[in-house]
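Everything on this sheet refers to the single structure shown next.
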Amino acid sequence: MSENAAETADWLTIPDLAEVLGETPGRVRRLLDERYLIGSRRNGAFAVPAVFIVDRRPLTSLRGTVIALQDAGFSDDEAIDWLLAEEDTLGRTPIAALLDGHKSEVRRIARTLA
């Protein structure tokens, strides 16, 4: 992955997520525990890429994709890197494909990465 993709992404801390989602920090942690969101401790504080939030909710196709990546042996950091990096077989980043509604294609590729 291009280091720049993760470094230049906007990131939201748990307090930021609570505000954006209109939820308590405890509910945000539950969303993380249940894999509706995925985050990392890259620049000190734990944070989630802002692109994973759509219309003040977690991207609906993110959870199944994260689970597929975990099944393929990816750590949270590796899954985030893959989602934000250009994927040659998609011709764009996996997160861009998910945002465009192509979850089946993204998950098919994720399952082949094991």
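So you can find residues: chains in the structure tokens are A, B, ... in the order shown, residues in each start at 1, and ligands are numbered from 1 in order.
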Close residues, region 56-72 of chain A itself excluded, 12 Å, only C-alpha atoms, min 5 positions apart in chain, as a short mmCIF file (atom, residue, chain, number, x, y, z; two decimals) with N, CA and C atoms, in the first residue's frame:
```cif
data_model
loop_
_atom_site.label_atom_id
_atom_site.label_comp_id
_atom_site.auth_asym_id
_atom_site.auth_seq_id
_atom_site.Cartn_x
_atom_site.Cartn_y
_atom_site.Cartn_z
N ASP A 16 -14.77 11.96 18.28
CA ASP A 16 -15.22 12.50 16.99
C ASP A 16 -16.34 11.63 16.42
N LEU A 17 -16.14 10.31 16.47
CA LEU A 17 -17.14 9.38 15.96
C LEU A 17 -18.45 9.50 16.72
N ALA A 18 -18.36 9.62 18.05
CA ALA A 18 -19.57 9.76 18.86
C ALA A 18 -20.36 10.99 18.41
N GLU A 19 -19.66 12.07 18.14
CA GLU A 19 -20.32 13.30 17.69
C GLU A 19 -20.93 13.13 16.30
N VAL A 20 -20.16 12.60 15.36
CA VAL A 20 -20.62 12.42 13.98
C VAL A 20 -21.81 11.46 13.91
N LEU A 21 -21.72 10.37 14.67
CA LEU A 21 -22.76 9.34 14.63
C LEU A 21 -23.95 9.67 15.54
N GLY A 22 -23.77 10.64 16.43
CA GLY A 22 -24.82 10.95 17.38
C GLY A 22 -25.02 9.83 18.39
N GLU A 23 -23.92 9.17 18.75
CA GLU A 23 -23.94 8.03 19.67
C GLU A 23 -23.04 8.32 20.86
N VAL A 28 -20.09 3.60 20.27
CA VAL A 28 -19.06 3.60 19.23
C VAL A 28 -18.11 2.41 19.45
N LEU A 31 -19.77 -0.67 18.23
CA LEU A 31 -19.70 -0.77 16.76
C LEU A 31 -18.34 -1.30 16.32
N LEU A 32 -17.29 -0.89 17.02
CA LEU A 32 -15.95 -1.38 16.73
C LEU A 32 -15.83 -2.86 17.11
N ASP A 33 -16.30 -3.22 18.28
CA ASP A 33 -16.23 -4.61 18.73
C ASP A 33 -16.99 -5.54 17.79
N GLU A 34 -18.12 -5.07 17.26
CA GLU A 34 -18.96 -5.88 16.39
C GLU A 34 -18.56 -5.78 14.92
N ARG A 35 -17.45 -5.08 14.65
CA ARG A 35 -16.83 -4.97 13.33
C ARG A 35 -17.63 -4.13 12.33
N TYR A 36 -18.56 -3.31 12.81
CA TYR A 36 -19.24 -2.38 11.92
C TYR A 36 -18.28 -1.26 11.51
N LEU A 37 -17.27 -1.04 12.35
CA LEU A 37 -16.19 -0.09 12.07
C LEU A 37 -14.88 -0.77 12.43
N ILE A 38 -13.81 -0.25 11.85
CA ILE A 38 -12.48 -0.76 12.13
C ILE A 38 -11.54 0.44 12.23
N GLY A 39 -10.63 0.39 13.19
CA GLY A 39 -9.74 1.52 13.39
C GLY A 39 -8.32 1.08 13.72
N VAL A 48 -10.55 6.00 13.35
CA VAL A 48 -11.17 5.29 12.24
C VAL A 48 -11.11 6.21 11.01
N PRO A 49 -10.78 5.68 9.84
CA PRO A 49 -10.82 6.52 8.64
C PRO A 49 -12.22 7.10 8.44
N ALA A 50 -12.29 8.40 8.21
CA ALA A 50 -13.57 9.08 8.06
C ALA A 50 -14.37 8.56 6.87
N VAL A 51 -13.70 8.03 5.87
CA VAL A 51 -14.37 7.53 4.68
C VAL A 51 -15.25 6.32 5.00
N ASP A 77 -4.92 -3.28 11.03
CA ASP A 77 -4.08 -2.34 10.28
C ASP A 77 -3.96 -2.77 8.82
N GLU A 78 -3.74 -4.06 8.58
CA GLU A 78 -3.62 -4.55 7.21
C GLU A 78 -4.93 -4.39 6.44
N ALA A 79 -6.05 -4.63 7.11
CA ALA A 79 -7.36 -4.47 6.46
C ALA A 79 -7.59 -3.02 6.07
N ILE A 80 -7.26 -2.10 6.96
CA ILE A 80 -7.42 -0.68 6.65
C ILE A 80 -6.52 -0.30 5.48
N ASP A 81 -5.27 -0.75 5.54
CA ASP A 81 -4.33 -0.45 4.44
C ASP A 81 -4.88 -0.95 3.12
N TRP A 82 -5.40 -2.19 3.09
CA TRP A 82 -5.92 -2.75 1.85
C TRP A 82 -7.14 -1.98 1.36
N LEU A 83 -8.03 -1.61 2.27
CA LEU A 83 -9.23 -0.87 1.88
C LEU A 83 -8.90 0.50 1.29
N PRO A 94 -10.45 -0.38 -2.80
CA PRO A 94 -11.61 -1.17 -2.39
C PRO A 94 -12.68 -0.32 -1.69
N ILE A 95 -12.28 0.66 -0.91
CA ILE A 95 -13.29 1.49 -0.23
C ILE A 95 -14.09 2.29 -1.26
N ALA A 96 -13.45 2.75 -2.33
CA ALA A 96 -14.18 3.46 -3.39
C ALA A 96 -15.18 2.53 -4.07
N ALA A 97 -14.78 1.29 -4.28
CA ALA A 97 -15.70 0.31 -4.88
C ALA A 97 -16.88 0.04 -3.95
N LEU A 98 -16.61 -0.07 -2.64
CA LEU A 98 -17.70 -0.27 -1.68
C LEU A 98 -18.65 0.92 -1.68
N LEU A 99 -18.09 2.10 -1.72
CA LEU A 99 -18.91 3.32 -1.73
C LEU A 99 -19.78 3.39 -2.99
N ASP A 100 -19.30 2.78 -4.08
CA ASP A 100 -20.07 2.74 -5.33
C ASP A 100 -21.02 1.55 -5.40
N GLY A 101 -21.08 0.75 -4.31
CA GLY A 101 -22.03 -0.34 -4.26
C GLY A 101 -21.54 -1.67 -4.82
N HIS A 102 -20.24 -1.85 -4.94
CA HIS A 102 -19.69 -3.08 -5.53
C HIS A 102 -19.13 -4.01 -4.45
N LYS A 103 -19.93 -4.29 -3.43
CA LYS A 103 -19.44 -5.09 -2.31
C LYS A 103 -19.13 -6.53 -2.71
N SER A 104 -19.91 -7.13 -3.58
CA SER A 104 -19.65 -8.53 -3.97
C SER A 104 -18.29 -8.67 -4.62
N GLU A 105 -17.96 -7.75 -5.51
CA GLU A 105 -16.66 -7.79 -6.19
C GLU A 105 -15.52 -7.60 -5.19
N VAL A 106 -15.68 -6.65 -4.26
CA VAL A 106 -14.64 -6.39 -3.27
C VAL A 106 -14.46 -7.61 -2.38
N ARG A 107 -15.55 -8.21 -1.92
CA ARG A 107 -15.45 -9.36 -1.03
C ARG A 107 -14.89 -10.59 -1.75
N ARG A 108 -15.22 -10.73 -3.02
CA ARG A 108 -14.67 -11.84 -3.80
C ARG A 108 -13.14 -11.73 -3.83
N ILE A 109 -12.64 -10.54 -4.06
CA ILE A 109 -11.20 -10.33 -4.09
C ILE A 109 -10.61 -10.53 -2.69
N ALA A 110 -11.29 -10.04 -1.67
CA ALA A 110 -10.80 -10.18 -0.29
C ALA A 110 -10.66 -11.65 0.08
N ARG A 111 -11.60 -12.48 -0.35
CA ARG A 111 -11.54 -13.92 -0.03
C ARG A 111 -10.38 -14.61 -0.72
N THR A 112 -9.90 -14.08 -1.84
CA THR A 112 -8.78 -14.70 -2.55
C THR A 112 -7.44 -14.34 -1.93
N LEU A 113 -7.42 -13.44 -0.99
CA LEU A 113 -6.16 -12.96 -0.41
C LEU A 113 -5.61 -13.85 0.70
N ALA A 114 -6.36 -14.85 1.10
CA ALA A 114 -5.92 -15.73 2.20
C ALA A 114 -4.66 -16.49 1.86
#
```
(request) Would you please extract all helix (DSSP H, G or I) residues from region 26-111 of chain A, as assigned by DSSP on the backbone, and give them as number ranges by chain? (result) A: 26-33, 50-52, 62-71, 76-84, 94-99, 103-111
(request) as a count of residues only, please: all residues of region 8-104 of chain A that backbone DSSP puts in strand (DSSP E or B). (result) 18
(request) Quick one: pull the distance between CA of Glu87 (chain A) and CA of Asn43 (chain A), Å, one decimal. (result) 24.5 Å
(request) Give me, please, the distance in Å between CA of Phe46 (chain A) and CA of Ile14 (chain A), quoted to one decimal. (result) 7.2 Å
(request) Just give me the gap between CA of Ala47 (chain A) and CA of Thr89 (chain A) in Å, one decimal is fine. (result) 28.1 Å
